[in-house]
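I have placed the structure first, in the form of structure tokens, so that the comments after it can refer back to it.
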Amino acid sequence: MKTLVIANQKGGVGKTSTLVHLAFDFAERGLKVAVIDLDTQGNASFTLAVHKSGIAASSLFGAVTPFDLAPIDNIALIEADPRLADLEKLDLGKAAEAFSEAVSIIESRGFDVCLIDTAPSLGIAMASALLAADFVASPIELEAYALQGITKMNATITAIRRKNTKLQFLGMIPSKVDGRNPRHTATLADLQAAYPALILPTPIGYRSSIADALASHCPVWEIRKTSARAATKEVRAMTQHIHDKMEIA
Ligand SMILES: Nc1ncnc2c1ncn2[C@@H]1O[C@H](COP(=O)(O)OP(=O)(O)OP(=O)(O)O)[C@@H](O)[C@H]1O
Ligand SMILES: [Mg+2]
């Protein structure tokens with residue numbers, strides 16, 4: 001099983017949209033996908049509600065006893081619950097150990113991939129997820145405030161990699177890009193120059209059909225609007241790129 005965390009401590013940059021589309025796309029490929037929602041906002045749990053497993057994400061941080069996990073249409077959701085808010089009181093070492101153990105249990109249930117959504121904060125949940133994962137990817141917006149976070153995110157990933165040497169940073173996914181906004185175009189060019197290996201070649205435009213999809217519990221390719229076609233093309237290019245980079249068997 002390959003484990004991917006979607007993380008950026010900046011809020012509203014497209015993390016959950018990316019995660020949900022990866023889950024739908026991978027499931028369509030016939031892969032068994034476990035999704036862990038570590039954000040008390042529960043946005044991924046909302047969009048993927050029909051895939052609920054009945055297991056609460058906060059339970060993965062305590063004394064973990066083996067649990068069963070059965071996918072519905074290839075996706076099993078370990079849903080966000082209010083107790084995730086209490087994780088910050090835990091010792092990171094113990095929380096991370098329990099969480100890694102839980103990920104091994106998920107792997108033993110025959111899942112091919114585990115996708116983890118995180119809240120926009122650098123806390124125990126995000127650190128535990130990064131310590132257990134094989135890969136991390138960070139959606140970014142091309143706005144000044146969003147860019148301030150990149151250095152911090154890179155520093156966090158570098159620090160975690162000292163303890164989890166298998167962790168690979170797949171890179172940053174430019175999201176909600178407005179191609180008609182000269183500031184976005186210029187910022188994207190600057191970023192590509194500054195971090196040539198870290199900006200994914202598959203940006204996602206600002207597309208209202210993506211928000212429609214998240215609200216309608218489906219991927220953007222099921223939205224019946226002409227404008228969903230361009231969004232679908234971009235999102236499929238992103239999921240294909242990540243799929244290839246993860247070398248999922
Ligand atoms: N490419 C896009 N075009 C237009 N709207 C988008 C796009 N991607 C996401 N959105 C919308 O922007 C908002 C934030 O997106 P999303 O929830 O994916 O971000 P997030 O990083 O997970 O946010 P948070 O940090 O709060 O968890 C949502 O309302 C979503 O519907
Ligand atoms: Mg989110």
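Ligands are numbered from 1 in the order shown, chains are lettered A, B, ... in the order of the structure tokens, and residues start at 1 in each chain.
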Would you write out, as a tab-separated table, a table of all residues in chain A that have an atom no more than 10 Å from an atom of ligand 1, listing for each the closest atom pair and the distance in Å to one decimal, considering only C-alpha atoms and all ligand atoms and ordering rows by chain and rising residue number?
residue	atom	partner	partner_atom_place_in_ligand_line	distance
A:Ile6	CA	ligand 1	22 (O)	8.8
A:Ala7	CA	ligand 1	21 (O)	8.1
A:Asn8	CA	ligand 1	21 (O)	7.2
A:Gln9	CA	ligand 1	25 (O)	7.2
A:Lys10	CA	ligand 1	25 (O)	6.0
A:Gly11	CA	ligand 1	25 (O)	3.1
A:Gly12	CA	ligand 1	23 (O)	3.2
A:Val13	CA	ligand 1	21 (O)	3.8
A:Gly14	CA	ligand 1	18 (O)	3.3
A:Lys15	CA	ligand 1	22 (O)	3.7
A:Thr16	CA	ligand 1	22 (O)	3.7
A:Ser17	CA	ligand 1	18 (O)	3.7
A:Thr18	CA	ligand 1	18 (O)	6.4
A:Leu19	CA	ligand 1	18 (O)	8.0
A:Val20	CA	ligand 1	18 (O)	8.5
A:His21	CA	ligand 1	18 (O)	9.9
A:Leu38	CA	ligand 1	27 (O)	9.8
A:Asp39	CA	ligand 1	27 (O)	7.0
A:Thr40	CA	ligand 1	27 (O)	9.1
A:Gln41	CA	ligand 1	27 (O)	7.1
A:Gly42	CA	ligand 1	27 (O)	8.4
A:Asn43	CA	ligand 1	17 (O)	6.6
A:Ala44	CA	ligand 1	22 (O)	8.1
A:Asp117	CA	ligand 1	22 (O)	7.8
A:Thr118	CA	ligand 1	27 (O)	7.0
A:Ala119	CA	ligand 1	27 (O)	5.3
A:Pro120	CA	ligand 1	25 (O)	4.5
A:Ser121	CA	ligand 1	25 (O)	8.3
A:Ser138	CA	ligand 1	21 (O)	9.0
A:Pro139	CA	ligand 1	21 (O)	7.2
A:Ile140	CA	ligand 1	21 (O)	8.2
A:Glu141	CA	ligand 1	21 (O)	9.2
A:Pro174	CA	ligand 1	1 (N)	9.1
A:Ser175	CA	ligand 1	1 (N)	5.5
A:Lys176	CA	ligand 1	1 (N)	4.1
A:Val177	CA	ligand 1	1 (N)	7.1
A:Asp178	CA	ligand 1	3 (N)	8.9
A:Pro203	CA	ligand 1	1 (N)	9.0
A:Ile204	CA	ligand 1	1 (N)	5.4
A:Gly205	CA	ligand 1	1 (N)	5.1
A:Tyr206	CA	ligand 1	3 (N)	3.5
A:Arg207	CA	ligand 1	3 (N)	3.8
A:Ser208	CA	ligand 1	4 (C)	4.8
A:Ser209	CA	ligand 1	4 (C)	7.2
A:Ile210	CA	ligand 1	2 (C)	5.4
A:Ala211	CA	ligand 1	31 (O)	3.4
A:Asp212	CA	ligand 1	31 (O)	6.9
A:Ala213	CA	ligand 1	31 (O)	7.9
A:Leu214	CA	ligand 1	31 (O)	5.9
A:Ala215	CA	ligand 1	31 (O)	7.2
A:Ala231	CA	ligand 1	1 (N)	7.7
A:Glu234	CA	ligand 1	1 (N)	9.3
A:Val235	CA	ligand 1	1 (N)	8.7
Would you work out the distance separating CA of Val50 in chain A from CA of Ser216 in chain A, expressed in Å to one decimal?
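Between these atoms lies a distance of 11.7 Å.
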Give me, as a tab-separated table, each residue of range 83-148 of chain A that comes within 10 Å of range 52-60 of chain A, together with its shortest interatomic pair and the distance in Å at one decimal, counting only C-alpha atoms, with rows ordered by chain and rising residue number.
residue	atom	partner	partner_atom	distance
A:Arg83	CA	A:Ser58	CA	5.9
A:Leu84	CA	A:Ser58	CA	5.0
A:Ala85	CA	A:Ser58	CA	8.6
A:Asp86	CA	A:Ser58	CA	8.5
A:Leu87	CA	A:Ser58	CA	7.5
A:Ala95	CA	A:Leu60	CA	8.5
A:Ala96	CA	A:Leu60	CA	9.5
A:Glu97	CA	A:Leu60	CA	9.9
A:Ala98	CA	A:Leu60	CA	6.5
A:Phe99	CA	A:Leu60	CA	5.3
A:Ser100	CA	A:Leu60	CA	8.6
A:Glu101	CA	A:Leu60	CA	8.3
A:Ala102	CA	A:Leu60	CA	5.7
A:Val103	CA	A:Leu60	CA	8.4
A:Ala125	CA	A:Ser58	CA	9.2
Please, could you write that set of residues out with N, CA, C and O atoms as an mmCIF file, in the first residue's frame?
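Result saved to selection-v5.cif:
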data_model
loop_
_atom_site.group_PDB
_atom_site.id
_atom_site.type_symbol
_atom_site.label_atom_id
_atom_site.label_comp_id
_atom_site.auth_asym_id
_atom_site.auth_seq_id
_atom_site.Cartn_x
_atom_site.Cartn_y
_atom_site.Cartn_z
ATOM 1 N N ARG A 83 -13.575 14.597 18.052
ATOM 2 C CA ARG A 83 -12.461 14.305 18.959
ATOM 3 C C ARG A 83 -11.089 14.569 18.341
ATOM 4 O O ARG A 83 -10.077 14.604 19.052
ATOM 5 N N LEU A 84 -11.046 14.770 17.021
ATOM 6 C CA LEU A 84 -9.769 15.129 16.387
ATOM 7 C C LEU A 84 -9.219 16.410 17.008
ATOM 8 O O LEU A 84 -8.018 16.640 17.032
ATOM 9 N N ALA A 85 -10.134 17.243 17.528
ATOM 10 C CA ALA A 85 -9.711 18.511 18.133
ATOM 11 C C ALA A 85 -8.887 18.281 19.396
ATOM 12 O O ALA A 85 -8.112 19.150 19.800
ATOM 13 N N ASP A 86 -9.028 17.106 20.005
ATOM 14 C CA ASP A 86 -8.292 16.820 21.246
ATOM 15 C C ASP A 86 -6.885 16.284 20.998
ATOM 16 O O ASP A 86 -6.108 16.129 21.935
ATOM 17 N N LEU A 87 -6.558 15.990 19.738
ATOM 18 C CA LEU A 87 -5.257 15.371 19.458
ATOM 19 C C LEU A 87 -4.089 16.242 19.901
ATOM 20 O O LEU A 87 -3.034 15.733 20.259
ATOM 21 N N ALA A 95 1.328 9.469 19.653
ATOM 22 C CA ALA A 95 0.265 9.615 18.652
ATOM 23 C C ALA A 95 0.738 9.089 17.304
ATOM 24 O O ALA A 95 0.016 8.354 16.614
ATOM 25 N N ALA A 96 1.964 9.445 16.927
ATOM 26 C CA ALA A 96 2.496 9.037 15.623
ATOM 27 C C ALA A 96 2.682 7.523 15.563
ATOM 28 O O ALA A 96 2.421 6.897 14.531
ATOM 29 N N GLU A 97 3.107 6.945 16.670
ATOM 30 C CA GLU A 97 3.307 5.495 16.706
ATOM 31 C C GLU A 97 1.963 4.775 16.512
ATOM 32 O O GLU A 97 1.844 3.839 15.718
ATOM 33 N N ALA A 98 0.943 5.242 17.234
ATOM 34 C CA ALA A 98 -0.381 4.637 17.119
ATOM 35 C C ALA A 98 -0.908 4.798 15.689
ATOM 36 O O ALA A 98 -1.450 3.849 15.100
ATOM 37 N N PHE A 99 -0.739 5.980 15.128
ATOM 38 C CA PHE A 99 -1.256 6.235 13.786
ATOM 39 C C PHE A 99 -0.563 5.337 12.750
ATOM 40 O O PHE A 99 -1.221 4.772 11.863
ATOM 41 N N SER A 100 0.755 5.169 12.871
ATOM 42 C CA SER A 100 1.490 4.300 11.938
ATOM 43 C C SER A 100 0.998 2.865 12.042
ATOM 44 O O SER A 100 0.877 2.156 11.032
ATOM 45 N N GLU A 101 0.722 2.450 13.277
ATOM 46 C CA GLU A 101 0.195 1.104 13.509
ATOM 47 C C GLU A 101 -1.165 0.965 12.797
ATOM 48 O O GLU A 101 -1.434 -0.046 12.129
ATOM 49 N N ALA A 102 -2.009 1.996 12.908
ATOM 50 C CA ALA A 102 -3.325 1.973 12.263
ATOM 51 C C ALA A 102 -3.176 1.879 10.741
ATOM 52 O O ALA A 102 -3.921 1.148 10.074
ATOM 53 N N VAL A 103 -2.191 2.582 10.198
ATOM 54 C CA VAL A 103 -1.964 2.520 8.748
ATOM 55 C C VAL A 103 -1.551 1.100 8.344
ATOM 56 O O VAL A 103 -1.991 0.588 7.309
ATOM 57 N N ALA A 125 -1.786 16.000 14.206
ATOM 58 C CA ALA A 125 -2.402 15.170 13.159
ATOM 59 C C ALA A 125 -1.552 15.202 11.896
ATOM 60 O O ALA A 125 -1.232 14.152 11.322
#
Counting only C-alpha atoms, what is within 10 Å of Ile105 in chain A, bar same-chain residues fewer than 5 positions away, as a ChimeraX atom specification?
/A:64-69,99-100,110-111
Among listed residues A:Ile116, A:Ile223, A:Leu167, A:Leu92, nearest ligand 2 (using only C-alpha atoms and all ligand atoms):
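Smallest distance to ligand 2 is found for A:Ile116.
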Which value, in Å to one decimal, gives the distance between CA of Ala34 in chain A and CA of Ala197 in chain A?
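Atom-to-atom, CA of Ala34 in chain A to CA of Ala197 in chain A, that is 28.4 Å.
Selecting strand (DSSP E or B) from the backbone DSSP output for range 70-182 of chain A yields Ile72, Ile75, Ala76, Leu77, Ile78, Glu79, Val113, Cys114, Leu115, Ile116, Asp117, Phe135, Val136, Ala137, Ser138, Pro139, Ile140, Gln168, Phe169, Leu170, Gly171, Met172, Ile173, Pro174 and Val177 of chain A.
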